[in-house]
Every structure is written in structure tokens, then in C-alpha cells.
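Structure below is entry-v2.pdb: PDB, C-alpha atoms.
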ATOM      1  CA  MET A   1      73.754  23.842-197.814
ATOM      2  CA  VAL A   2      69.961  23.666-197.670
ATOM      3  CA  ASP A   3      68.063  25.905-200.040
ATOM      4  CA  TRP A   4      65.159  26.841-197.775
ATOM      5  CA  ASN A   5      63.228  28.511-200.592
ATOM      6  CA  SER A   6      63.381  25.656-203.088
ATOM      7  CA  PRO A   7      60.035  24.081-204.056
ATOM      8  CA  GLN A   8      61.137  20.730-202.658
ATOM      9  CA  GLU A   9      62.095  22.207-199.274
ATOM     10  CA  LEU A  10      58.918  24.267-199.095
ATOM     11  CA  ALA A  11      56.851  21.131-199.718
ATOM     12  CA  ILE A  12      58.707  19.265-196.940
ATOM     13  CA  ASP A  13      58.287  22.169-194.511
ATOM     14  CA  ALA A  14      54.594  22.513-195.356
ATOM     15  CA  GLN A  15      54.037  18.817-194.627
ATOM     16  CA  ALA A  16      55.924  19.111-191.332
ATOM     17  CA  PHE A  17      53.809  22.137-190.421
ATOM     18  CA  SER A  18      50.613  20.235-191.245
ATOM     19  CA  ASN A  19      51.620  17.221-189.144
ATOM     20  CA  LEU A  20      52.574  19.448-186.207
ATOM     21  CA  ILE A  21      49.265  21.326-186.293
ATOM     22  CA  HIS A  22      47.256  18.094-186.308
ATOM     23  CA  VAL A  23      49.144  16.832-183.255
ATOM     24  CA  LEU A  24      48.679  20.132-181.431
ATOM     25  CA  PHE A  25      44.995  20.227-182.330
ATOM     26  CA  GLY A  26      44.576  16.813-180.734
ATOM     27  CA  LEU A  27      46.465  18.020-177.654
ATOM     28  CA  TYR A  28      44.249  21.072-177.278
ATOM     29  CA  LEU A  29      41.077  19.012-177.793
ATOM     30  CA  TRP A  30      42.234  16.698-175.005
ATOM     31  CA  GLU A  31      42.868  19.700-172.753
ATOM     32  CA  TYR A  32      39.445  21.086-173.632
ATOM     33  CA  CYS A  33      37.611  17.820-172.951
ATOM     34  CA  ILE A  34      39.156  17.257-169.525
ATOM     35  CA  SER A  35      38.242  20.780-168.416
ATOM     36  CA  VAL A  36      34.921  21.454-170.164
ATOM     37  CA  SER A  37      33.031  20.635-166.957
ATOM     38  CA  PHE A  38      34.417  23.874-165.494
ATOM     39  CA  ASP A  39      32.891  25.886-168.352
ATOM     40  CA  TYR A  40      29.636  23.920-168.217
ATOM     41  CA  ALA A  41      29.166  24.739-164.528
ATOM     42  CA  PHE A  42      28.967  28.444-165.379
ATOM     43  CA  LEU A  43      26.752  27.835-168.393
ATOM     44  CA  THR A  44      24.188  25.964-166.298
ATOM     45  CA  GLY A  45      24.365  28.414-163.406
ATOM     46  CA  LYS A  46      25.851  25.924-160.943
ATOM     47  CA  ARG A  47      28.665  28.383-160.374
ATOM     48  CA  LYS A  48      28.347  32.147-160.225
ATOM     49  CA  PHE A  49      30.006  33.968-163.106
ATOM     50  CA  ARG A  50      32.606  36.599-162.225
ATOM     51  CA  TRP A  51      33.675  39.261-164.725
ATOM     52  CA  PRO A  52      37.425  38.352-164.723
ATOM     53  CA  LEU A  53      36.436  34.993-166.222
ATOM     54  CA  THR A  54      35.358  36.831-169.395
ATOM     55  CA  PHE A  55      38.981  36.944-170.527
ATOM     56  CA  TYR A  56      39.418  33.253-169.718
ATOM     57  CA  PHE A  57      36.502  32.227-171.929
ATOM     58  CA  ILE A  58      37.446  34.577-174.785
ATOM     59  CA  GLY A  59      41.030  33.316-174.952
ATOM     60  CA  ARG A  60      40.070  29.665-174.592
ATOM     61  CA  TYR A  61      37.475  29.639-177.362
ATOM     62  CA  CYS A  62      39.293  32.003-179.715
ATOM     63  CA  LEU A  63      42.201  29.577-179.785
ATOM     64  CA  LEU A  64      39.820  26.698-180.435
ATOM     65  CA  ALA A  65      38.313  28.643-183.356
ATOM     66  CA  ALA A  66      41.786  29.442-184.721
ATOM     67  CA  LEU A  67      42.857  25.792-184.600
ATOM     68  CA  ILE A  68      39.691  24.658-186.361
ATOM     69  CA  GLY A  69      40.325  27.273-189.052
ATOM     70  CA  ILE A  70      43.919  26.111-189.522
ATOM     71  CA  ILE A  71      42.819  22.477-189.784
ATOM     72  CA  ILE A  72      40.329  23.480-192.484
ATOM     73  CA  ALA A  73      43.026  25.409-194.358
ATOM     74  CA  LEU A  74      45.401  22.450-194.250
ATOM     75  CA  ASN A  75      42.848  19.906-195.476
ATOM     76  CA  VAL A  76      40.851  21.842-198.059
ATOM     77  CA  HIS A  77      40.889  20.523-201.641
ATOM     78  CA  SER A  78      38.403  22.843-203.301
ATOM     79  CA  LYS A  79      39.102  26.485-204.047
ATOM     80  CA  LEU A  80      38.221  28.991-201.328
ATOM     81  CA  ASN A  81      39.341  32.362-199.999
ATOM     82  CA  CYS A  82      42.567  31.247-198.295
ATOM     83  CA  GLN A  83      43.606  34.805-197.464
ATOM     84  CA  GLY A  84      40.364  35.444-195.622
ATOM     85  CA  LEU A  85      40.607  32.143-193.769
ATOM     86  CA  TYR A  86      44.179  32.750-192.597
ATOM     87  CA  THR A  87      43.276  36.323-191.617
ATOM     88  CA  PHE A  88      40.561  34.893-189.367
ATOM     89  CA  ASN A  89      43.005  32.324-187.956
ATOM     90  CA  GLN A  90      45.590  34.999-187.242
ATOM     91  CA  CYS A  91      43.107  37.280-185.477
ATOM     92  CA  MET A  92      41.729  34.484-183.304
ATOM     93  CA  GLY A  93      45.213  33.246-182.431
ATOM     94  CA  ASN A  94      46.465  36.727-181.528
ATOM     95  CA  ILE A  95      43.426  37.348-179.323
ATOM     96  CA  ALA A  96      44.168  34.095-177.485
ATOM     97  CA  ILE A  97      47.792  35.184-176.930
ATOM     98  CA  GLY A  98      46.657  38.566-175.653
ATOM     99  CA  MET A  99      44.083  37.073-173.291
ATOM    100  CA  ALA A 100      46.697  34.757-171.777
ATOM    101  CA  SER A 101      48.730  37.802-170.708
ATOM    102  CA  VAL A 102      45.613  39.655-169.539
ATOM    103  CA  ASN A 103      44.585  36.733-167.294
ATOM    104  CA  LEU A 104      47.934  36.842-165.527
ATOM    105  CA  SER A 105      48.057  40.654-165.255
ATOM    106  CA  LEU A 106      44.579  40.747-163.678
ATOM    107  CA  ARG A 107      45.796  38.540-160.836
ATOM    108  CA  THR A 108      48.752  40.861-160.339
ATOM    109  CA  MET A 109      46.446  43.895-160.146
ATOM    110  CA  ALA A 110      44.310  42.055-157.589
ATOM    111  CA  VAL A 111      47.300  41.036-155.472
ATOM    112  CA  TRP A 112      48.411  44.681-155.361
ATOM    113  CA  GLY A 113      44.973  45.811-154.236
ATOM    114  CA  GLN A 114      44.235  47.530-157.588
ATOM    115  CA  LYS A 115      46.634  50.348-156.715
ATOM    116  CA  TRP A 116      46.680  52.997-159.432
ATOM    117  CA  TYR A 117      50.470  52.961-159.766
ATOM    118  CA  ILE A 118      50.255  49.241-160.662
ATOM    119  CA  VAL A 119      47.017  49.191-162.667
ATOM    120  CA  GLY A 120      47.924  52.242-164.783
ATOM    121  CA  PRO A 121      51.284  50.984-166.129
ATOM    122  CA  LEU A 122      49.949  47.452-166.668
ATOM    123  CA  VAL A 123      46.973  48.786-168.649
ATOM    124  CA  ALA A 124      49.328  50.931-170.748
ATOM    125  CA  ILE A 125      51.633  47.978-171.421
ATOM    126  CA  SER A 126      48.636  45.802-172.271
ATOM    127  CA  LEU A 127      47.346  48.383-174.766
ATOM    128  CA  GLY A 128      50.766  48.405-176.428
ATOM    129  CA  HIS A 129      50.628  44.625-176.579
ATOM    130  CA  TRP A 130      47.217  44.683-178.246
ATOM    131  CA  SER A 131      48.344  47.316-180.746
ATOM    132  CA  LEU A 132      50.977  44.856-181.961
ATOM    133  CA  LEU A 133      48.678  41.837-181.882
ATOM    134  CA  LEU A 134      45.989  43.580-183.935
ATOM    135  CA  HIS A 135      48.372  45.599-186.096
ATOM    136  CA  GLY A 136      47.233  44.095-189.353
ATOM    137  CA  ILE A 137      47.621  41.176-191.721
ATOM    138  CA  LEU A 138      51.093  39.723-191.213
ATOM    139  CA  LEU A 139      50.917  36.884-193.718
ATOM    140  CA  THR A 140      49.546  36.164-197.165
ATOM    141  CA  ALA A 141      48.094  32.890-198.379
ATOM    142  CA  THR A 142      46.720  31.649-201.673
ATOM    143  CA  PHE A 143      45.032  28.547-203.039
ATOM    144  CA  ILE A 144      47.200  26.329-205.229
ATOM    145  CA  PRO A 145      45.471  23.424-207.062
ATOM    146  CA  GLY A 146      46.726  20.111-205.780
ATOM    147  CA  GLN A 147      48.184  21.663-202.613
ATOM    148  CA  GLY A 148      45.339  23.676-201.052
ATOM    149  CA  CYS A 149      45.932  26.848-199.042
ATOM    150  CA  VAL A 150      49.620  27.775-199.052
ATOM    151  CA  ILE A 151      51.329  30.539-197.048
ATOM    152  CA  THR A 152      53.409  32.588-199.483
ATOM    153  CA  SER A 153      54.901  35.348-197.299
ATOM    154  CA  THR A 154      55.053  36.611-193.707
ATOM    155  CA  ASP A 155      56.071  39.816-191.924
ATOM    156  CA  SER A 156      58.666  38.178-189.693
ATOM    157  CA  LYS A 157      60.018  41.431-188.211
ATOM    158  CA  LEU A 158      56.689  42.553-186.777
ATOM    159  CA  LEU A 159      55.895  39.020-185.627
ATOM    160  CA  SER A 160      59.235  38.888-183.798
ATOM    161  CA  ALA A 161      58.551  42.240-182.138
ATOM    162  CA  THR A 162      55.146  40.992-180.987
ATOM    163  CA  PHE A 163      56.528  37.861-179.342
ATOM    164  CA  ILE A 164      59.416  39.749-177.713
ATOM    165  CA  TYR A 165      56.910  42.249-176.326
ATOM    166  CA  SER A 166      54.809  39.362-174.989
ATOM    167  CA  MET A 167      57.817  37.878-173.187
ATOM    168  CA  THR A 168      58.704  41.259-171.663
ATOM    169  CA  PHE A 169      55.106  41.844-170.542
ATOM    170  CA  ASP A 170      54.902  38.438-168.871
ATOM    171  CA  PHE A 171      58.248  39.017-167.156
ATOM    172  CA  ILE A 172      57.108  42.355-165.696
ATOM    173  CA  VAL A 173      53.901  40.763-164.423
ATOM    174  CA  LEU A 174      55.865  37.917-162.812
ATOM    175  CA  LEU A 175      58.237  40.338-161.055
ATOM    176  CA  LEU A 176      55.381  42.425-159.662
ATOM    177  CA  THR A 177      53.569  39.339-158.366
ATOM    178  CA  ALA A 178      56.736  37.852-156.853
ATOM    179  CA  PHE A 179      57.663  41.127-155.143
ATOM    180  CA  LYS A 180      54.250  41.445-153.515
ATOM    181  CA  LEU A 181      53.932  37.822-152.401
ATOM    182  CA  ALA A 182      57.555  37.165-151.452
ATOM    183  CA  ARG A 183      57.163  38.160-147.789
ATOM    184  CA  PRO A 184      53.535  38.328-146.675
ATOM    185  CA  SER A 185      53.079  39.182-143.008
ATOM    186  CA  GLY A 186      52.113  36.226-140.871
ATOM    187  CA  GLY A 187      53.860  33.747-143.152
ATOM    188  CA  LYS A 188      52.898  32.233-146.480
ATOM    189  CA  SER A 189      49.604  30.420-146.827
ATOM    190  CA  GLN A 190      48.701  27.757-149.352
ATOM    191  CA  LEU A 191      46.954  30.392-151.480
ATOM    192  CA  VAL A 192      50.035  32.636-151.615
ATOM    193  CA  ASN A 193      52.250  29.693-152.564
ATOM    194  CA  MET A 194      49.817  28.594-155.264
ATOM    195  CA  ILE A 195      49.539  32.061-156.846
ATOM    196  CA  PHE A 196      53.306  32.489-156.858
ATOM    197  CA  ALA A 197      54.058  28.980-158.172
ATOM    198  CA  ASP A 198      51.404  29.193-160.901
ATOM    199  CA  GLY A 199      52.746  32.549-162.042
ATOM    200  CA  LEU A 200      56.273  31.150-162.184
ATOM    201  CA  TYR A 201      55.221  28.043-164.129
ATOM    202  CA  TYR A 202      53.222  30.142-166.573
ATOM    203  CA  PHE A 203      56.132  32.500-167.201
ATOM    204  CA  VAL A 204      58.692  29.725-167.753
ATOM    205  CA  ILE A 205      56.484  27.810-170.203
ATOM    206  CA  ALA A 206      55.243  30.908-172.051
ATOM    207  CA  PHE A 207      58.733  32.439-172.173
ATOM    208  CA  LEU A 208      60.384  29.310-173.594
ATOM    209  CA  SER A 209      57.659  28.734-176.193
ATOM    210  CA  ASN A 210      57.720  32.386-177.267
ATOM    211  CA  LEU A 211      61.517  32.311-177.385
ATOM    212  CA  VAL A 212      61.501  29.360-179.788
ATOM    213  CA  ALA A 213      58.933  31.134-181.982
ATOM    214  CA  THR A 214      61.024  34.330-181.952
ATOM    215  CA  VAL A 215      64.165  32.449-182.998
ATOM    216  CA  PHE A 216      62.427  30.914-186.021
ATOM    217  CA  MET A 217      60.937  34.256-187.031
ATOM    218  CA  THR A 218      64.303  35.997-186.680
ATOM    219  CA  LEU A 219      66.025  33.355-188.824
ATOM    220  CA  ASN A 220      63.331  33.890-191.497
ATOM    221  CA  LEU A 221      64.305  30.726-193.378
ATOM    222  CA  ASN A 222      61.126  30.739-195.482
ATOM    223  CA  ALA A 223      57.438  31.630-195.197
ATOM    224  CA  VAL A 224      56.520  28.334-193.520
ATOM    225  CA  MET A 225      59.447  27.993-191.118
ATOM    226  CA  SER A 226      59.018  31.580-189.937
ATOM    227  CA  ILE A 227      55.667  30.771-188.337
ATOM    228  CA  ILE A 228      56.028  27.063-187.595
ATOM    229  CA  ALA A 229      56.512  27.684-183.844
ATOM    230  CA  ASN A 230      53.823  30.387-183.501
ATOM    231  CA  VAL A 231      50.927  27.992-182.983
ATOM    232  CA  PRO A 232      52.759  25.898-180.341
ATOM    233  CA  ALA A 233      53.568  29.133-178.468
ATOM    234  CA  ALA A 234      49.932  30.279-178.537
ATOM    235  CA  ILE A 235      48.686  26.865-177.391
ATOM    236  CA  ALA A 236      51.225  26.595-174.568
ATOM    237  CA  SER A 237      50.433  30.097-173.263
ATOM    238  CA  THR A 238      46.670  29.592-173.437
ATOM    239  CA  ILE A 239      46.674  26.165-171.781
ATOM    240  CA  VAL A 240      48.857  27.293-168.896
ATOM    241  CA  ALA A 241      46.971  30.586-168.418
ATOM    242  CA  SER A 242      43.631  28.736-168.453
ATOM    243  CA  ARG A 243      44.853  26.225-165.898
ATOM    244  CA  VAL A 244      46.031  29.065-163.664
ATOM    245  CA  VAL A 245      42.536  30.599-163.751
ATOM    246  CA  ARG A 246      40.802  27.278-163.075
ATOM    247  CA  ARG A 247      43.131  26.351-160.216
ATOM    248  CA  LEU A 248      42.465  29.633-158.452
ATOM    249  CA  ALA A 249      38.704  29.390-159.032
ATOM    250  CA  ASN A 250      38.658  25.787-157.783
ATOM    251  CA  TYR A 251      40.923  26.469-154.840
ATOM    252  CA  SER A 252      39.525  25.197-151.559
ATOM    253  CA  THR A 253      40.970  24.899-148.090
ATOM    254  CA  THR A 254      39.778  24.443-144.499
ATOM    255  CA  GLY A 255      37.896  27.636-143.769
ATOM    256  CA  ALA A 256      38.036  30.745-145.975
ATOM    257  CA  GLU A 257      41.119  32.871-146.398
ATOM    258  CA  LYS A 258      41.138  36.598-146.862
ATOM    259  CA  PHE A 259      44.129  38.386-148.329
ATOM    260  CA  ALA A 260      44.245  42.048-147.371
ATOM    261  CA  SER A 261      46.827  44.785-147.611
ATOM    262  CA  THR A 262      47.143  46.629-144.322
ATOM    263  CA  VAL A 263      47.497  50.368-144.017
ATOM    264  CA  ASN A 264      51.305  50.239-144.052
ATOM    265  CA  GLY A 265      51.302  48.152-147.244
ATOM    266  CA  SER A 266      52.023  44.755-145.704
ATOM    267  CA  SER A 267      49.874  41.784-146.556
ATOM    268  CA  GLY A 268      48.469  38.869-144.641
ATOM    269  CA  PHE A 269      45.875  36.140-144.603
ATOM    270  CA  ARG A 270      43.086  35.915-142.067
ATOM    271  CA  SER A 271      40.969  32.848-141.539
ATOM    272  CA  HIS A 272      37.223  33.015-141.014
ATOM    273  CA  GLY A 273      34.694  30.227-140.563
ATOM    274  CA  GLN A 274      32.275  29.848-143.448
ATOM    275  CA  PRO A 275      29.223  27.695-144.047
ATOM    276  CA  SER A 276      29.554  24.684-146.335
ATOM    277  CA  VAL A 277      28.704  25.934-149.829
ATOM    278  CA  ALA A 278      30.123  25.634-153.329
ATOM    279  CA  PRO A 279      33.591  27.143-153.907
ATOM    280  CA  GLN A 280      33.597  30.718-155.152
ATOM    281  CA  PHE A 281      36.285  33.228-156.051
ATOM    282  CA  ALA A 282      35.580  36.930-155.905
ATOM    283  CA  TYR A 283      37.312  40.284-155.776
ATOM    284  CA  SER A 284      36.184  42.767-153.126
ATOM    285  CA  LYS A 285      37.152  46.345-152.343
ATOM    286  CA  GLN A 286      35.796  46.719-148.804
ATOM    287  CA  GLN A 287      39.110  48.209-147.710
ATOM    288  CA  PRO A 288      42.422  48.959-149.442
ATOM    289  CA  GLY A 289      43.670  45.676-150.825
ATOM    290  CA  VAL A 290      42.122  42.714-152.491
ATOM    291  CA  HIS A 291      40.075  40.141-150.649
ATOM    292  CA  VAL A 292      40.222  36.652-152.045
ATOM    293  CA  GLN A 293      37.229  34.948-150.525
ATOM    294  CA  MET A 294      36.402  31.313-151.035
ATOM    295  CA  ASN A 295      33.607  29.176-149.675
ATOM    296  CA  THR A 296      34.481  25.495-149.618
ATOM    297  CA  PHE A 297      32.873  22.105-149.295
ATOM    298  CA  SER A 298      34.837  21.471-146.121
ATOM    299  CA  GLU A 299      33.167  21.344-142.735
ATOM    300  CA  PRO A 300      32.525  24.763-141.162
ATOM    301  CA  MET A 301      35.065  25.542-138.469
ATOM    302  CA  THR A 302      34.122  26.651-134.941
ATOM    303  CA  TYR A 303      36.261  29.039-132.923
ATOM    304  CA  ASP A 304      36.426  29.661-129.176
ATOM    305  CA  ALA A 305      36.667  33.105-127.548
ATOM    306  CA  GLU A 306      40.382  33.306-128.146
ATOM    307  CA  GLY A 307      40.097  32.388-131.811
ATOM    308  CA  HIS A 308      41.326  28.799-131.529
ATOM    309  CA  ILE A 309      39.729  26.187-133.784
ATOM    310  CA  ILE A 310      37.736  23.568-131.918
ATOM    311  CA  LYS A 311      35.847  20.525-133.114
ATOM    312  CA  SER A 312      32.116  20.538-133.592
ATOM    313  CA  GLY A 313      30.317  19.592-130.402
ATOM    314  CA  ASP A 314      33.188  20.639-128.120
ATOM    315  CA  LEU A 315      31.978  24.212-127.671
ATOM    316  CA  ASP A 316      30.948  25.109-124.124
ATOM    317  CA  PRO A 317      30.395  28.868-123.966
ATOM    318  CA  GLU A 318      30.310  28.933-120.171
ATOM    319  CA  ALA A 319      33.537  26.970-119.845
ATOM    320  CA  GLN A 320      35.624  29.179-122.097
ATOM    321  CA  GLN A 321      38.382  31.284-120.617
ATOM    322  CA  ILE A 322      38.072  34.899-121.696
ATOM    323  CA  SER A 323      41.226  36.532-123.002
ATOM    324  CA  ASP A 324      42.473  39.585-121.085
ATOM    325  CA  GLU A 325      41.944  41.829-124.088
ATOM    326  CA  PHE A 326      38.168  41.278-123.848
ATOM    327  CA  LYS A 327      37.874  41.918-120.096
ATOM    328  CA  HIS A 328      36.585  45.249-118.725
ATOM    329  CA  PRO A 329      39.283  47.304-117.001
ATOM    330  CA  SER A 330      39.032  47.435-113.269
ATOM    331  CA  TYR A 331      37.788  50.728-111.795
ATOM    332  CA  PRO A 332      39.061  52.221-108.543
ATOM    333  CA  GLY A 333      36.602  51.572-105.772
TER     334      GLY A 333
END
Please go through the file and, once you have read it, give me the structure as C-alpha cells.
Amino acid sequence: MVDWNSPQELAIDAQAFSNLIHVLFGLYLWEYCISVSFDYAFLTGKRKFRWPLTFYFIGRYCLLAALIGIIIALNVHSKLNCQGLYTFNQCMGNIAIGMASVNLSLRTMAVWGQKWYIVGPLVAISLGHWSLLLHGILLTATFIPGQGCVITSTDSKLLSATFIYSMTFDFIVLLLTAFKLARPSGGKSQLVNMIFADGLYYFVIAFLSNLVATVFMTLNLNAVMSIIANVPAAIASTIVASRVVRRLANYSTTGAEKFASTVNGSSGFRSHGQPSVAPQFAYSKQQPGVHVQMNTFSEPMTYDAEGHIIKSGDLDPEAQQISDEFKHPSYPG
């Protein structure tokens, strides 16, 4: 039987942890490089910044900072404050995990038209999530000559509770989104399908990665093995959540689509012609419900009197047949 706390086993596990982190750091750098143009467009003002993107940027760059800190801790050879460094890494990583859930919950609030009975419980659940994420220092590390920064102990019970809470939170958000988008009036549009599919993909990937991390923390084999799956879980959640945000922000289709909740609570999409401008995503509260408005690079559409799409140059106002609903009622002579 393996003695998980023997010096030999701890050395093997520490090396495995180091190799895994280096691979994951390369993966996240690749993900960052292929998507940095999205961030740069907001930095240069080419795209208009919207406040929900604040959580996207915080989570994305906090995880990058955490990974850089972990790489430093794993490759340092001179004495430094390892406890302080790992405290920083833990805080940045937990913020990234929290922001991944916030990004998904914000879309759910928007889909529900920011109704108080949806926003209130989700905010309360999110606050509970953050209270666990920022509870305190859940691991201790020290510098050992010849080995560098070494993790000596972890609070596996609280870490397990945090990841289980994260899985439950994500599941609730998925159910609320699925319930609202399952049967939109007028049929499902491409935007509805994309929001639902992205939410499902995010939940499956985040749930499985968090489940693996929870299993290792529950087993509590040793200080290293207890947290070996935490970083992969944080990276998986952040990458998928970031891609969900970018896909929605970059979404474009022929004409603009507006999602609105009607008075009786049903939902539908309405198409309106828009001029050819850069894609934008914005929340609006002009009436109960959320309006997802996007301007696209596609050609502006032209509509006849009955609302049918016609090609540019085919419009003849005098030749159009007026629908009965627009005609004046006849008066008795």
C-alpha cells in the first residue's frame, strides 16, 4: 500500500504537480494569445466597453496573475516569502473561479429581464459563494533549501465545501436559463440556441473539473494531492466562461435581434433592420425584459409595408400592397 505521506511519495507528487502546472500554464497562454485581440479592441476604443465585461476582464487576468505566481513558486531557488506568494496565488485563483460563475449568472439575470425574484436569490447565492472563496488562508507553504517553495498543509474540508458550492451554484444558473429559453414564443432563434448551448457546455465542463477537484480534496491523500486538481478546475471554468462572454459579444446575424419578455411573461425575438456598423452587445430596460441588441457588419435589410424582407433596389413604395390592418375603416356614406 502506498504511503502518501512518505518523503519519497511527496517528492514524486510535487514533481507531478509542477509538470502539470507548466502544461496548464502553456495552455492558458495559448488561449490568451488567440483571444487577446478581443481585449485590445476595448483598450483602443474600437469597441464600446459595457459594464458586464468588468467581470470578464477581472477573472481572465486574475487567473493569469495566479498562474504566473505559481510558476514563480515552483521555479524559485533563492529564499523568499513562500507563504505570502501562495496566499496571493490562492486569492487570485479564487477570484477567477468566482468571476466565472458571476459571468454566467449575469446572463441568466438578463434573460429573465432582471426580475427581482431571480436577481435577489442569485445575488444572495453569489455572496455565499464569495464568502467561501475569500474565507481565509487555506494552505501553508514554506521554503525548503534545495526544493524551493513547498506546500506543507491544506484545509481540504473547506476547499471541498467551496467547490461543491460552486457546482451547485452553476447548476441552479443552468436550470434557470434552460427554463426561460426552453420554449420562447415564435420559435427559437440562433441567439437563443447559442445562449442555451453555451450555458450547457460551460456547466458540463465546469462541473466535471470541479468534481475531480472535490474528489481529490475529499480523499485528502497528502498536502499536494489534495490541491492537484484545483488549478485545472479554475482554468477550465475561466476559459469556458470567457469564451461564452466573447461569443455573445461577437455574435452577429442578418439584421438585429431583440429579445423581450411580453406582459404575460412569454419571450420572443423581433427582427429590425440596422445600419452596417461594428457589432455591439448591450442590455436595455426600455420595457420589462432584456433587450439584446446587436449591430452587425452584414448588409442592412429593407422591409416592405407588410414586414417582408426585400433586396436592396427592389423597393417600389407605390407598388406595394398595403395590409388590411393599415387601411382606414370604411365609413357609412
Kindly provide the residues of stretch 12-81 of chain A that approach stretch 240-243 of chain A to within 10 Å, each paired with its closest atom pair and their distance in Å to one decimal, based on all atoms listed in the file, listed by chain and increasing number, as JSON lines.
{"residue": "A:Glu31", "atom": "CA", "partner": "A:Arg243", "partner_atom": "CA", "distance": 9.7}
{"residue": "A:Ser35", "atom": "CA", "partner": "A:Arg243", "partner_atom": "CA", "distance": 8.9}
{"residue": "A:Leu53", "atom": "CA", "partner": "A:Ser242", "partner_atom": "CA", "distance": 9.8}
{"residue": "A:Phe55", "atom": "CA", "partner": "A:Ser242", "partner_atom": "CA", "distance": 9.7}
{"residue": "A:Tyr56", "atom": "CA", "partner": "A:Ser242", "partner_atom": "CA", "distance": 6.3}
{"residue": "A:Phe57", "atom": "CA", "partner": "A:Ser242", "partner_atom": "CA", "distance": 8.7}
{"residue": "A:Gly59", "atom": "CA", "partner": "A:Ser242", "partner_atom": "CA", "distance": 8.4}
{"residue": "A:Arg60", "atom": "CA", "partner": "A:Ser242", "partner_atom": "CA", "distance": 7.2}
With distances taken over all atoms listed in the file, the candidate from A:Asn94, A:Thr162, A:Ser18, A:Ser131 nearest A:Val224 is A:Ser18
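Distance-wise, atom CA of A:Ile195 and atom CA of A:Leu122 end up 18.3 Å apart.
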Tell me, as an MDAnalysis selection string, which residues lie within 7 Å of A:Trp112, counting only C-alpha atoms; anything in the same chain fewer than 3 positions away does not count. chainID A and resid 108:109 115 180 289
Pairwise distance for atom CA of A:Leu248 and atom CA of A:Asp198, rounded to one decimal in Å: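 Interatomic distance here is 9.3 Å.
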Give me, as a list in words, all polymer residues having an atom no more than 12 Å from A:Ile118, counting all atoms listed in the file and skipping those fewer than 5 positions away in the same chain.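 Result of the neighbour search: Ser105, Leu106, Arg107, Thr108, Met109, Ala110, Val111, Trp112, Gly113, Val123, Ala124, Ile125, Ile172, Val173, Leu175, Leu176, Thr177 and Lys180 of chain A.
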